[in-house]
Amino acid sequence: MAREITQAIVNGILVGGVYALMAVGLTLIFGVLDIINIAQGVLVILGAYLSYSLFNKAGIDPFLGLLITIPAMFIVGVVIHWAFISRLRGGERTSMTLLVTYAVALIIEGILSRIYGADNVQISPRYVNSSVRILGFYVGWVYIWGFILAVALVAVIYALLYRTKFGRSVRAVMQDETAARLVGISVNRVAAFTFGIGVAATAAGGVVFGETNAFNANSGYDLISRLLSIVILGGMGSVGGALAASVFMLTAESLVTIWQPTWAVAVYYAALVIVLVYRPTGLFGRKAVRAQ
Amino acid sequence: MTALLRTEGIMKAYGGVQALNGAEIEVEEGTVAGLIGPNGSGKTTLFNVITGYERPDAGEVWFGERAITGLAPDKVFAAGIGRTFQLTRIFPRLTVIENMLIAAQAKDRPRNLLAWLGRDAWTHHRKHALELLEFVGIAGHADVLAGSLSYGQRKLLELAYVLVADPAVVLLDEPAGGVNPTLINMIADRIRLLNAEQGKTFLLVEHNMEFVMGLCSTITVLESGATVVSGPPDIVRTDKRVLDAYLGADLDEEDEPVVDGPVVDEPVSNEGNGR
Amino acid sequence: MAKGGGLVVLIVLAVLFPQVYSNPSVVNYGVFAMIFATAAVAWHVFSGNTGYISLGQAVFYGSGAYAMGIAARDWHIEGTAVFELLPLCAAVGAVIAVPFGLIALRVRRHTFIVITIAVFFIFQLMAFNFWFTGGSQGLDSPFLTWAPVPYYQNFYYIALACTAGAVIVAWLVGRSRFGLQLRAIRDDEDRARGLGVKAMRVKLSAFVMSGTITALIGGVWFYFIENVQPQTGFDPLFDLTLVLMVFLGGFGSISGAVLGALIIEPLSLWMNAQPAFTGSLSEVMLGAVFLLVVLFMPRGIVPTGGELITKLRTRGRPAVVPATTIGPLSASSGPSANSVSSGGAR
């Protein structure tokens, strides 16, 4: 029993790292741009399908394929922002972005459904099923690579935000759009870029998700509902919160799966409800980001 | 005469900045009092503390015999203290008369579910509201969306609807700010009228010296969060400390009008509205 | 007044519709249109008035449907007696709305939307997994021994009655003190609170009303199509379709909600019936139409149309009387000739 539990915890942490990557993209987009990107889930699936096609048609290893898929998803993000989101104006902008990205998600899902059909697929390079024994526990290689990838990418994003001129512009826009404009920052460009980065993270998430789960075009719903719960739990806009919440939720789900697989995903919602009753702004809330 | 509205030793800090440092003010019943001070002296913060939009770190706010420190804004309003906002906060998508009715309904608890859902209680509220709109001169726009009013008209609307609930004390946050001279005179006139005929007590924050000196019987000067001097206009206008506060220590001529930008006040609650 | 006359005409048309077009497949459009019109008006009662966009109405819709199905099955009710269960559906909606609202309404507007989405998924999950909901097979409704033509006609009138009821409730709310408080909350919740409006109470009441009506019409829908499953009762596209209808017709107005439903639902049904349109394409279309409306016609048909008509009617006359002239002059100018407000703002 204890062994199962520990295995579940280990899995939870590793998978949590991967979800963290996707959640960080989502929370970053909100924290910086006040955009709630409902399409994040289906974009992960898009990334997964891209990796899948590259692997099956061109034999490119999915992780290597990231060199292609990350820029590709970045461009997708920039285009979505430019075409739809940048046109939104007015006081209720955040709510509107939610609706708009929801609509975009539907469109992407419909297109993917058309192209790939309804059957479940999975990305399966040779190493998908192999694992390594560490201290008596089996740890899948995919998870390890995925975890390393997640950590690396989050580190890159952090470095981008806090060590580069561009990152400074992003943080300026986040704090005061008008002031940023006044010092010559092109807010639209910064916004598009940031959105692109948030979406590019889904490419990486897509690879690992696609290798560890059977998926089809509809998998986006389940994914986005988890990501949203994670992000709200951690506090919308808080990167640290997203990390902590991802690991926590995935571990919790992993543990619940031991007893009751069908209800495992209810963990998310239960946690969400509990947190919202006592702390409506989530565990870390908006202030954490601004303070960083 | 005991003061109707009084603060004692109010302290309020934001992060490292001490916005209010022992601010004290006393407003006698039936007077028009002024609160002035250079930018950043804490005038709006003091207003916010008095009306419950902010909690002080220390100190007390007295309304008559009652301590109202830390009461929520709606309780302060219910107690009889009305206030306007510097950046007019009206309901833009409601009509002018509807804006008035919202303020009116606060004092009139519905007796039962039917009253809440129904419209009957409105009639006398409506009449009263129209009279007030007439008083400030915008009755003609009663059915217009408040958001389409000009800035000056909005100021008049704010004045009207702070009066709807018939508060004992009216706090006006820069009533003359950004408004043309004819309108300024009209507003001053209305304040004088209300004060003379109904004995209403007023406390205004203002940058417009002419306005304040001409209207107020007592003026309190705030600087760096503390009260520098308080008294009738003649005393205050020639007090060296006041001139120092406004103009810097070297000049000691008659005060010039101080030109400042508006101070932005933030809503306190983090729920609901907009974002 | 022209408005009143127009309303009477519409009502007459609505009532006569199935008499004139008695073909069941045509009346079918009418039934669904009325069902969605009811749901759209219910959406408006809460979201249109407070500005808190709810994407969780399907929670009530599906719950109402399941409530009826479960009750009919467990209490062995059949035939027209099943309609007596409708108040139960409404009650279920109300009961769910209270805790739902208490949690969801404490947060900022955009978080609220996300929570409604989360709750929606919770309910879909429960529908799949609870023992009494029939799992992925769902529930079938009991028999109703009506011949085809009267079947569709009767359901049409029932749905029409629901729509009428919803419109009346929404109209009463709109002109009441309660409605004014809701709209004040929409404009500036903090200020409204500061003026003594009990925001939570007011929002929750509207939310419960909205949920009750939606659950009721969900029950009607269930009995009409004779089946409910987790993915049809709790359909992720349901709410987005509602929002699209309301936005298209005009956010913030009852007539806009009804109009939007009457336009979109028949269109959507027709498209889905065409062989060329498979399931995935309807999703794409819904998303695309939604984007078009939101980006290019954000205020919808009713207000934009209203403004257009007002513009045409008052060509040449000045708009709002400028207020720099005060005192005696303003008293004589009376209510302004035209303004943005005289369009379909209510």
# chains A, B, ... in the order shown; residues from 1 in each chain; ligands from 1

call {"tool": "residues_around", "arguments": {"residues": "C:Thr80", "least_positions_apart": "2", "cutoff": "12 Å", "atoms": "only C-alpha atoms", "output": "VMD selection string"}}
result
chain C and resid 72 77 to 78 82 to 86 141 to 146 151 154 to 155 220 223 to 224

call {"tool": "write_last_selection", "arguments": {"atoms": "N, CA and C atoms", "output": "PDB file, in the first residue's frame"}}
result
ATOM      1  N   ALA C  72     -39.860  10.737 -12.896  1.00  0.00           N
ATOM      2  CA  ALA C  72     -40.827   9.957 -13.673  1.00  0.00           C
ATOM      3  C   ALA C  72     -40.532   8.463 -13.587  1.00  0.00           C
ATOM      4  N   ILE C  77     -44.400   7.650 -13.209  1.00  0.00           N
ATOM      5  CA  ILE C  77     -45.388   8.590 -13.737  1.00  0.00           C
ATOM      6  C   ILE C  77     -45.345   8.536 -15.250  1.00  0.00           C
ATOM      7  N   GLU C  78     -46.507   8.600 -15.863  1.00  0.00           N
ATOM      8  CA  GLU C  78     -46.555   8.525 -17.316  1.00  0.00           C
ATOM      9  C   GLU C  78     -47.547   9.516 -17.879  1.00  0.00           C
ATOM     10  N   VAL C  82     -46.855  13.643 -16.319  1.00  0.00           N
ATOM     11  CA  VAL C  82     -45.444  14.004 -16.210  1.00  0.00           C
ATOM     12  C   VAL C  82     -45.271  15.522 -16.156  1.00  0.00           C
ATOM     13  N   PHE C  83     -46.156  16.230 -16.827  1.00  0.00           N
ATOM     14  CA  PHE C  83     -46.036  17.687 -16.817  1.00  0.00           C
ATOM     15  C   PHE C  83     -46.183  18.268 -15.424  1.00  0.00           C
ATOM     16  N   GLU C  84     -46.861  17.493 -14.572  1.00  0.00           N
ATOM     17  CA  GLU C  84     -47.000  17.993 -13.205  1.00  0.00           C
ATOM     18  C   GLU C  84     -45.669  17.995 -12.473  1.00  0.00           C
ATOM     19  N   LEU C  85     -44.685  17.351 -13.069  1.00  0.00           N
ATOM     20  CA  LEU C  85     -43.370  17.353 -12.447  1.00  0.00           C
ATOM     21  C   LEU C  85     -42.603  18.640 -12.716  1.00  0.00           C
ATOM     22  N   LEU C  86     -43.114  19.455 -13.627  1.00  0.00           N
ATOM     23  CA  LEU C  86     -42.373  20.663 -13.978  1.00  0.00           C
ATOM     24  C   LEU C  86     -42.022  21.547 -12.780  1.00  0.00           C
ATOM     25  N   SER C 141     -37.527   9.085 -21.482  1.00  0.00           N
ATOM     26  CA  SER C 141     -38.738   9.613 -20.862  1.00  0.00           C
ATOM     27  C   SER C 141     -39.858   8.584 -20.961  1.00  0.00           C
ATOM     28  N   PRO C 142     -40.848   8.711 -20.092  1.00  0.00           N
ATOM     29  CA  PRO C 142     -42.005   7.809 -20.185  1.00  0.00           C
ATOM     30  C   PRO C 142     -42.818   8.110 -21.444  1.00  0.00           C
ATOM     31  N   PHE C 143     -43.784   7.241 -21.731  1.00  0.00           N
ATOM     32  CA  PHE C 143     -44.554   7.401 -22.960  1.00  0.00           C
ATOM     33  C   PHE C 143     -45.563   8.516 -22.896  1.00  0.00           C
ATOM     34  N   LEU C 144     -45.800   9.078 -24.027  1.00  0.00           N
ATOM     35  CA  LEU C 144     -46.819  10.105 -24.124  1.00  0.00           C
ATOM     36  C   LEU C 144     -47.629   9.754 -25.348  1.00  0.00           C
ATOM     37  N   THR C 145     -48.918   9.454 -25.121  1.00  0.00           N
ATOM     38  CA  THR C 145     -49.694   8.958 -26.252  1.00  0.00           C
ATOM     39  C   THR C 145     -50.355  10.068 -27.040  1.00  0.00           C
ATOM     40  N   TRP C 146     -49.553  10.882 -27.681  1.00  0.00           N
ATOM     41  CA  TRP C 146     -50.092  11.906 -28.572  1.00  0.00           C
ATOM     42  C   TRP C 146     -49.701  11.571 -29.989  1.00  0.00           C
ATOM     43  N   TYR C 151     -48.688  16.283 -30.999  1.00  0.00           N
ATOM     44  CA  TYR C 151     -47.496  16.203 -30.151  1.00  0.00           C
ATOM     45  C   TYR C 151     -46.678  17.476 -30.303  1.00  0.00           C
ATOM     46  N   ASN C 154     -48.693  20.711 -29.223  1.00  0.00           N
ATOM     47  CA  ASN C 154     -48.832  20.910 -27.779  1.00  0.00           C
ATOM     48  C   ASN C 154     -47.522  21.331 -27.140  1.00  0.00           C
ATOM     49  N   PHE C 155     -46.452  20.667 -27.549  1.00  0.00           N
ATOM     50  CA  PHE C 155     -45.165  21.065 -26.982  1.00  0.00           C
ATOM     51  C   PHE C 155     -44.821  22.494 -27.370  1.00  0.00           C
ATOM     52  N   VAL C 220     -38.981  20.506 -19.820  1.00  0.00           N
ATOM     53  CA  VAL C 220     -39.829  20.480 -21.016  1.00  0.00           C
ATOM     54  C   VAL C 220     -39.067  19.857 -22.167  1.00  0.00           C
ATOM     55  N   TYR C 223     -38.726  16.046 -21.982  1.00  0.00           N
ATOM     56  CA  TYR C 223     -39.928  15.285 -22.317  1.00  0.00           C
ATOM     57  C   TYR C 223     -40.209  15.365 -23.814  1.00  0.00           C
ATOM     58  N   PHE C 224     -39.805  16.464 -24.413  1.00  0.00           N
ATOM     59  CA  PHE C 224     -40.033  16.635 -25.836  1.00  0.00           C
ATOM     60  C   PHE C 224     -39.167  15.687 -26.667  1.00  0.00           C
TER      61      PHE C 224
END

call {"tool": "interface_residues", "arguments": {"of": "chain A", "to": "chain B", "cutoff": "9 Å", "atoms": "only C-alpha atoms", "output": "ChimeraX atom specification"}}
result
/A:34,91-95

call {"tool": "residues_around", "arguments": {"residues": "A:Thr257", "least_positions_apart": "5", "cutoff": "12 Å", "atoms": "only C-alpha atoms", "output": "PyMOL selection string"}}
result
chain A and resi 4-5+7-9+11-12+250-252+262-267

call {"tool": "write_last_selection", "arguments": {"atoms": "N, CA and C atoms", "output": "tab-separated table (two decimals), in the first residue's frame"}}
result
chain	number	residue	atom	x	y	z
A	4	GLU	N	2.42	1.77	-3.23
A	4	GLU	CA	1.51	2.33	-4.23
A	4	GLU	C	1.34	3.82	-4.02
A	5	ILE	N	1.20	4.18	-2.78
A	5	ILE	CA	0.99	5.59	-2.48
A	5	ILE	C	2.19	6.41	-2.90
A	7	GLN	N	4.42	5.65	-5.08
A	7	GLN	CA	4.50	5.66	-6.53
A	7	GLN	C	3.55	6.71	-7.09
A	8	ALA	N	2.35	6.74	-6.50
A	8	ALA	CA	1.35	7.70	-6.96
A	8	ALA	C	1.85	9.13	-6.73
A	9	ILE	N	2.47	9.35	-5.61
A	9	ILE	CA	2.97	10.70	-5.31
A	9	ILE	C	4.06	11.08	-6.31
A	11	ASN	N	4.55	9.91	-9.31
A	11	ASN	CA	3.92	10.18	-10.60
A	11	ASN	C	3.25	11.54	-10.62
A	12	GLY	N	2.54	11.78	-9.51
A	12	GLY	CA	1.82	13.05	-9.42
A	12	GLY	C	2.75	14.23	-9.56
A	250	LEU	N	-2.25	17.34	-9.25
A	250	LEU	CA	-1.93	16.10	-9.94
A	250	LEU	C	-1.60	14.99	-8.96
A	251	THR	N	-0.92	15.36	-7.89
A	251	THR	CA	-0.62	14.37	-6.87
A	251	THR	C	-1.90	13.88	-6.21
A	252	ALA	N	-2.77	14.82	-5.91
A	252	ALA	CA	-4.04	14.44	-5.29
A	252	ALA	C	-4.83	13.52	-6.21
A	262	THR	N	-12.78	6.58	-11.44
A	262	THR	CA	-13.80	7.39	-12.13
A	262	THR	C	-13.97	8.77	-11.50
A	263	TRP	N	-13.78	8.84	-10.21
A	263	TRP	CA	-14.02	10.11	-9.55
A	263	TRP	C	-12.77	10.96	-9.40
A	264	ALA	N	-11.65	10.43	-9.87
A	264	ALA	CA	-10.39	11.14	-9.65
A	264	ALA	C	-10.43	12.59	-10.09
A	265	VAL	N	-11.05	12.85	-11.21
A	265	VAL	CA	-11.03	14.22	-11.70
A	265	VAL	C	-11.90	15.13	-10.84
A	266	ALA	N	-12.78	14.52	-10.02
A	266	ALA	CA	-13.59	15.34	-9.13
A	266	ALA	C	-12.73	16.06	-8.11
A	267	VAL	N	-11.53	15.51	-7.90
A	267	VAL	CA	-10.60	16.15	-6.96
A	267	VAL	C	-10.41	17.62	-7.30

call {"tool": "closest_atom_pairs", "arguments": {"of": "chain A", "to": "chain C", "cutoff": "7 Å", "atoms": "only C-alpha atoms", "output": "CSV"}}
result
residue,atom,partner,partner_atom,distance
A:Arg87,CA,C:Leu295,CA,7.0
A:Leu88,CA,C:Leu295,CA,6.9
A:Thr94,CA,C:His110,CA,6.4
A:Ser95,CA,C:His110,CA,5.2
A:Val100,CA,C:Leu291,CA,6.2
A:Ala103,CA,C:Gly287,CA,4.2
A:Val104,CA,C:Gly287,CA,6.1
A:Leu106,CA,C:Gly287,CA,5.5
A:Ile107,CA,C:Val284,CA,4.2
A:Gly110,CA,C:Ser280,CA,4.5
A:Ser113,CA,C:Ser280,CA,6.2
A:Arg114,CA,C:Ser280,CA,6.5
A:Ser225,CA,C:Ala118,CA,6.2
A:Tyr269,CA,C:Ile122,CA,6.7
A:Leu276,CA,C:Ile103,CA,6.7
A:Val277,CA,C:Ile103,CA,6.0
A:Pro280,CA,C:Val107,CA,5.7

call {"tool": "residues_around", "arguments": {"residues": "B:Gly231", "least_positions_apart": "4", "cutoff": "9 Å", "atoms": "only C-alpha atoms", "output": "ChimeraX atom specification"}}
result
/B:217-221,235-236

call {"tool": "write_last_selection", "arguments": {"atoms": "N, CA and C atoms", "output": "PDB file, in the first residue's frame"}}
result
ATOM      1  N   SER B 217     -16.491  78.826   6.143  1.00  0.00           N
ATOM      2  CA  SER B 217     -16.301  79.635   7.337  1.00  0.00           C
ATOM      3  C   SER B 217     -15.113  79.137   8.144  1.00  0.00           C
ATOM      4  N   THR B 218     -14.770  77.866   7.979  1.00  0.00           N
ATOM      5  CA  THR B 218     -13.583  77.325   8.646  1.00  0.00           C
ATOM      6  C   THR B 218     -12.778  76.559   7.625  1.00  0.00           C
ATOM      7  N   ILE B 219     -11.464  76.715   7.683  1.00  0.00           N
ATOM      8  CA  ILE B 219     -10.623  75.972   6.752  1.00  0.00           C
ATOM      9  C   ILE B 219      -9.547  75.234   7.523  1.00  0.00           C
ATOM     10  N   THR B 220      -9.388  73.954   7.187  1.00  0.00           N
ATOM     11  CA  THR B 220      -8.324  73.170   7.807  1.00  0.00           C
ATOM     12  C   THR B 220      -7.285  72.886   6.746  1.00  0.00           C
ATOM     13  N   VAL B 221      -6.030  73.063   7.110  1.00  0.00           N
ATOM     14  CA  VAL B 221      -4.962  72.825   6.141  1.00  0.00           C
ATOM     15  C   VAL B 221      -4.205  71.565   6.520  1.00  0.00           C
ATOM     16  N   ILE B 235      -7.419  84.148   8.646  1.00  0.00           N
ATOM     17  CA  ILE B 235      -6.287  83.672   9.430  1.00  0.00           C
ATOM     18  C   ILE B 235      -5.444  82.718   8.592  1.00  0.00           C
ATOM     19  N   VAL B 236      -6.160  81.765   7.974  1.00  0.00           N
ATOM     20  CA  VAL B 236      -5.455  80.703   7.246  1.00  0.00           C
ATOM     21  C   VAL B 236      -4.676  81.250   6.063  1.00  0.00           C
TER      22      VAL B 236
END

call {"tool": "residues_around", "arguments": {"residues": "A:Gly167", "least_positions_apart": "2", "cutoff": "12 Å", "atoms": "only C-alpha atoms", "output": "list of chain:residue names"}}
result
A:Val32, A:Val156, A:Ile157, A:Tyr158, A:Ala159, A:Leu160, A:Leu161, A:Tyr162, A:Arg163, A:Thr164, A:Lys165, A:Ser169, A:Val170, A:Arg171, A:Ala172, A:Val173, A:Met174, A:Ile185, A:Val190, A:Ala191, A:Phe193, A:Thr194, A:Ile197

call {"tool": "select_by_dssp", "arguments": {"residues": "stretch 33-196 of chain C", "states": "alpha helix (DSSP H)", "output": "JSON, numbers by chain"}}
result
{"C": [33, 34, 35, 36, 37, 38, 39, 40, 41, 42, 43, 49, 50, 57, 58, 59, 60, 61, 62, 63, 64, 65, 66, 67, 68, 69, 70, 71, 72, 73, 74, 86, 87, 88, 89, 90, 91, 92, 93, 94, 95, 96, 97, 98, 99, 100, 101, 102, 103, 104, 109, 110, 111, 112, 113, 114, 115, 116, 117, 118, 119, 120, 121, 122, 123, 124, 125, 126, 127, 128, 129, 148, 149, 150, 151, 152, 153, 154, 155, 156, 157, 158, 159, 160, 161, 162, 163, 164, 165, 166, 167, 168, 169, 170, 171, 172, 173, 174, 177, 178, 179, 180, 181, 182, 183, 184, 185, 186, 187, 188, 189, 190, 191, 192, 193, 194]}

call {"tool": "select_by_dssp", "arguments": {"residues": "stretch 20-258 of chain A", "states": "strand (DSSP E or B)", "output": "list in words"}}
result
Val121, Ser131, Val132, Arg133, Ile134, Phe137, Tyr138, Val139, Gly140 and Phe215 of chain A

call {"tool": "residues_around", "arguments": {"residues": "B:Ser41", "least_positions_apart": "4", "cutoff": "6 Å", "atoms": "only C-alpha atoms", "output": "list of chain:residue names"}}
result
B:Gly37, B:Leu222, B:Glu223, B:Ser224, B:Gly225

call {"tool": "atom_distance", "arguments": {"atom1": "atom CA of A:Gly206", "atom2": "atom CA of A:Met73"}}
result
10.4 Å

call {"tool": "closest_residue", "arguments": {"among": "B:Arg154, B:Lys240, B:Lys12, B:Arg55", "to": "chain C", "atoms": "only C-alpha atoms"}}
result
B:Arg154

call {"tool": "atom_distance", "arguments": {"atom1": "atom CA of C:Ala159", "atom2": "atom CA of C:Met34"}}
result
5.5 Å

call {"tool": "atom_distance", "arguments": {"atom1": "atom CA of B:Val179", "atom2": "atom CA of B:Gly214"}}
result
16.8 Å

call {"tool": "closest_residue", "arguments": {"among": "B:Asp189, B:Asp166, B:Glu29, B:Glu174", "to": "B:His125", "atoms": "only C-alpha atoms"}}
result
B:Asp166

call {"tool": "closest_residue", "arguments": {"among": "B:Gly199, B:Gly52, B:Gly30, B:Pro73", "to": "C:Gly196", "atoms": "only C-alpha atoms"}}
result
B:Pro73

call {"tool": "residues_around", "arguments": {"residues": "C:Ser25", "least_positions_apart": "3", "cutoff": "12 Å", "atoms": "only C-alpha atoms", "output": "list in words"}}
result
Pro18, Tyr21, Ser22, Asn28, Tyr29, Gly30, Val31, Phe32, Pro148, Val149, Tyr151, Tyr152, Gln153, Tyr156, Pro266, Leu269, Trp270 and Ala273 of chain C

call {"tool": "write_last_selection", "arguments": {"atoms": "N, CA and C atoms", "output": "PDB file, in the first residue's frame"}}
result
ATOM      1  N   PRO C  18     -48.319  27.367 -35.367  1.00  0.00           N
ATOM      2  CA  PRO C  18     -48.485  25.940 -35.662  1.00  0.00           C
ATOM      3  C   PRO C  18     -49.807  25.614 -36.351  1.00  0.00           C
ATOM      4  N   TYR C  21     -48.673  26.435 -40.075  1.00  0.00           N
ATOM      5  CA  TYR C  21     -47.684  25.471 -40.559  1.00  0.00           C
ATOM      6  C   TYR C  21     -47.770  24.216 -39.719  1.00  0.00           C
ATOM      7  N   SER C  22     -48.696  23.358 -40.009  1.00  0.00           N
ATOM      8  CA  SER C  22     -48.922  22.254 -39.088  1.00  0.00           C
ATOM      9  C   SER C  22     -47.984  21.069 -39.288  1.00  0.00           C
ATOM     10  N   ASN C  28     -41.397  21.702 -35.250  1.00  0.00           N
ATOM     11  CA  ASN C  28     -40.218  21.321 -34.476  1.00  0.00           C
ATOM     12  C   ASN C  28     -39.277  22.503 -34.295  1.00  0.00           C
ATOM     13  N   TYR C  29     -39.074  23.238 -35.392  1.00  0.00           N
ATOM     14  CA  TYR C  29     -38.236  24.426 -35.293  1.00  0.00           C
ATOM     15  C   TYR C  29     -38.792  25.385 -34.263  1.00  0.00           C
ATOM     16  N   GLY C  30     -40.113  25.522 -34.302  1.00  0.00           N
ATOM     17  CA  GLY C  30     -40.760  26.439 -33.379  1.00  0.00           C
ATOM     18  C   GLY C  30     -40.560  26.025 -31.932  1.00  0.00           C
ATOM     19  N   VAL C  31     -40.698  24.719 -31.687  1.00  0.00           N
ATOM     20  CA  VAL C  31     -40.541  24.241 -30.310  1.00  0.00           C
ATOM     21  C   VAL C  31     -39.151  24.582 -29.788  1.00  0.00           C
ATOM     22  N   PHE C  32     -38.145  24.199 -30.577  1.00  0.00           N
ATOM     23  CA  PHE C  32     -36.776  24.478 -30.131  1.00  0.00           C
ATOM     24  C   PHE C  32     -36.515  25.965 -30.016  1.00  0.00           C
ATOM     25  N   PRO C 148     -48.553  12.445 -33.818  1.00  0.00           N
ATOM     26  CA  PRO C 148     -47.479  13.368 -34.206  1.00  0.00           C
ATOM     27  C   PRO C 148     -47.883  14.828 -34.286  1.00  0.00           C
ATOM     28  N   VAL C 149     -48.940  15.143 -35.008  1.00  0.00           N
ATOM     29  CA  VAL C 149     -49.249  16.564 -35.185  1.00  0.00           C
ATOM     30  C   VAL C 149     -49.567  17.250 -33.860  1.00  0.00           C
ATOM     31  N   TYR C 151     -48.688  16.283 -30.999  1.00  0.00           N
ATOM     32  CA  TYR C 151     -47.496  16.203 -30.151  1.00  0.00           C
ATOM     33  C   TYR C 151     -46.678  17.476 -30.303  1.00  0.00           C
ATOM     34  N   TYR C 152     -46.326  17.777 -31.536  1.00  0.00           N
ATOM     35  CA  TYR C 152     -45.487  18.954 -31.763  1.00  0.00           C
ATOM     36  C   TYR C 152     -46.215  20.235 -31.406  1.00  0.00           C
ATOM     37  N   GLN C 153     -47.515  20.274 -31.765  1.00  0.00           N
ATOM     38  CA  GLN C 153     -48.281  21.486 -31.459  1.00  0.00           C
ATOM     39  C   GLN C 153     -48.348  21.751 -29.971  1.00  0.00           C
ATOM     40  N   TYR C 156     -45.225  22.859 -28.584  1.00  0.00           N
ATOM     41  CA  TYR C 156     -44.964  24.231 -29.003  1.00  0.00           C
ATOM     42  C   TYR C 156     -45.661  25.212 -28.074  1.00  0.00           C
ATOM     43  N   PRO C 266     -33.387  28.139 -35.109  1.00  0.00           N
ATOM     44  CA  PRO C 266     -33.832  27.487 -36.346  1.00  0.00           C
ATOM     45  C   PRO C 266     -32.692  27.321 -37.351  1.00  0.00           C
ATOM     46  N   LEU C 269     -30.508  24.447 -36.233  1.00  0.00           N
ATOM     47  CA  LEU C 269     -31.178  23.171 -36.482  1.00  0.00           C
ATOM     48  C   LEU C 269     -31.136  22.809 -37.959  1.00  0.00           C
ATOM     49  N   TRP C 270     -31.417  23.808 -38.766  1.00  0.00           N
ATOM     50  CA  TRP C 270     -31.454  23.568 -40.199  1.00  0.00           C
ATOM     51  C   TRP C 270     -30.085  23.123 -40.698  1.00  0.00           C
ATOM     52  N   ALA C 273     -29.199  19.684 -39.909  1.00  0.00           N
ATOM     53  CA  ALA C 273     -29.960  18.693 -40.663  1.00  0.00           C
ATOM     54  C   ALA C 273     -29.398  18.462 -42.059  1.00  0.00           C
TER      55      ALA C 273
END

call {"tool": "decode", "arguments": {"residues": "stretch 111-122 of chain C", "atoms": "N, CA and C atoms", "output": "JSON list (two decimals), in the first residue's frame"}}
result
[["chain", "number", "residue", "atom", "x", "y", "z"],
["C", 111, "THR", "N", -13.52, 35.67, -13.04],
["C", 111, "THR", "CA", -13.38, 34.41, -12.32],
["C", 111, "THR", "C", -14.74, 33.74, -12.22],
["C", 112, "PHE", "N", -15.76, 34.53, -12.08],
["C", 112, "PHE", "CA", -17.12, 33.99, -12.03],
["C", 112, "PHE", "C", -17.40, 33.14, -13.25],
["C", 113, "ILE", "N", -17.06, 33.65, -14.42],
["C", 113, "ILE", "CA", -17.32, 32.90, -15.65],
["C", 113, "ILE", "C", -16.61, 31.56, -15.59],
["C", 114, "VAL", "N", -15.36, 31.59, -15.16],
["C", 114, "VAL", "CA", -14.59, 30.35, -15.11],
["C", 114, "VAL", "C", -15.22, 29.35, -14.15],
["C", 115, "ILE", "N", -15.71, 29.87, -13.02],
["C", 115, "ILE", "CA", -16.34, 28.97, -12.06],
["C", 115, "ILE", "C", -17.60, 28.34, -12.64],
["C", 116, "THR", "N", -18.36, 29.12, -13.38],
["C", 116, "THR", "CA", -19.56, 28.51, -13.98],
["C", 116, "THR", "C", -19.16, 27.40, -14.93],
["C", 117, "ILE", "N", -18.05, 27.58, -15.62],
["C", 117, "ILE", "CA", -17.58, 26.52, -16.51],
["C", 117, "ILE", "C", -17.20, 25.28, -15.70],
["C", 118, "ALA", "N", -16.48, 25.52, -14.61],
["C", 118, "ALA", "CA", -16.04, 24.39, -13.78],
["C", 118, "ALA", "C", -17.24, 23.62, -13.22],
["C", 119, "VAL", "N", -18.22, 24.35, -12.72],
["C", 119, "VAL", "CA", -19.40, 23.69, -12.16],
["C", 119, "VAL", "C", -20.11, 22.89, -13.24],
["C", 120, "PHE", "N", -20.14, 23.46, -14.42],
["C", 120, "PHE", "CA", -20.75, 22.73, -15.54],
["C", 120, "PHE", "C", -20.07, 21.38, -15.72],
["C", 121, "PHE", "N", -18.74, 21.36, -15.72],
["C", 121, "PHE", "CA", -18.04, 20.09, -15.89],
["C", 121, "PHE", "C", -18.30, 19.14, -14.74],
["C", 122, "ILE", "N", -18.42, 19.70, -13.54],
["C", 122, "ILE", "CA", -18.74, 18.86, -12.39],
["C", 122, "ILE", "C", -20.05, 18.12, -12.63]]
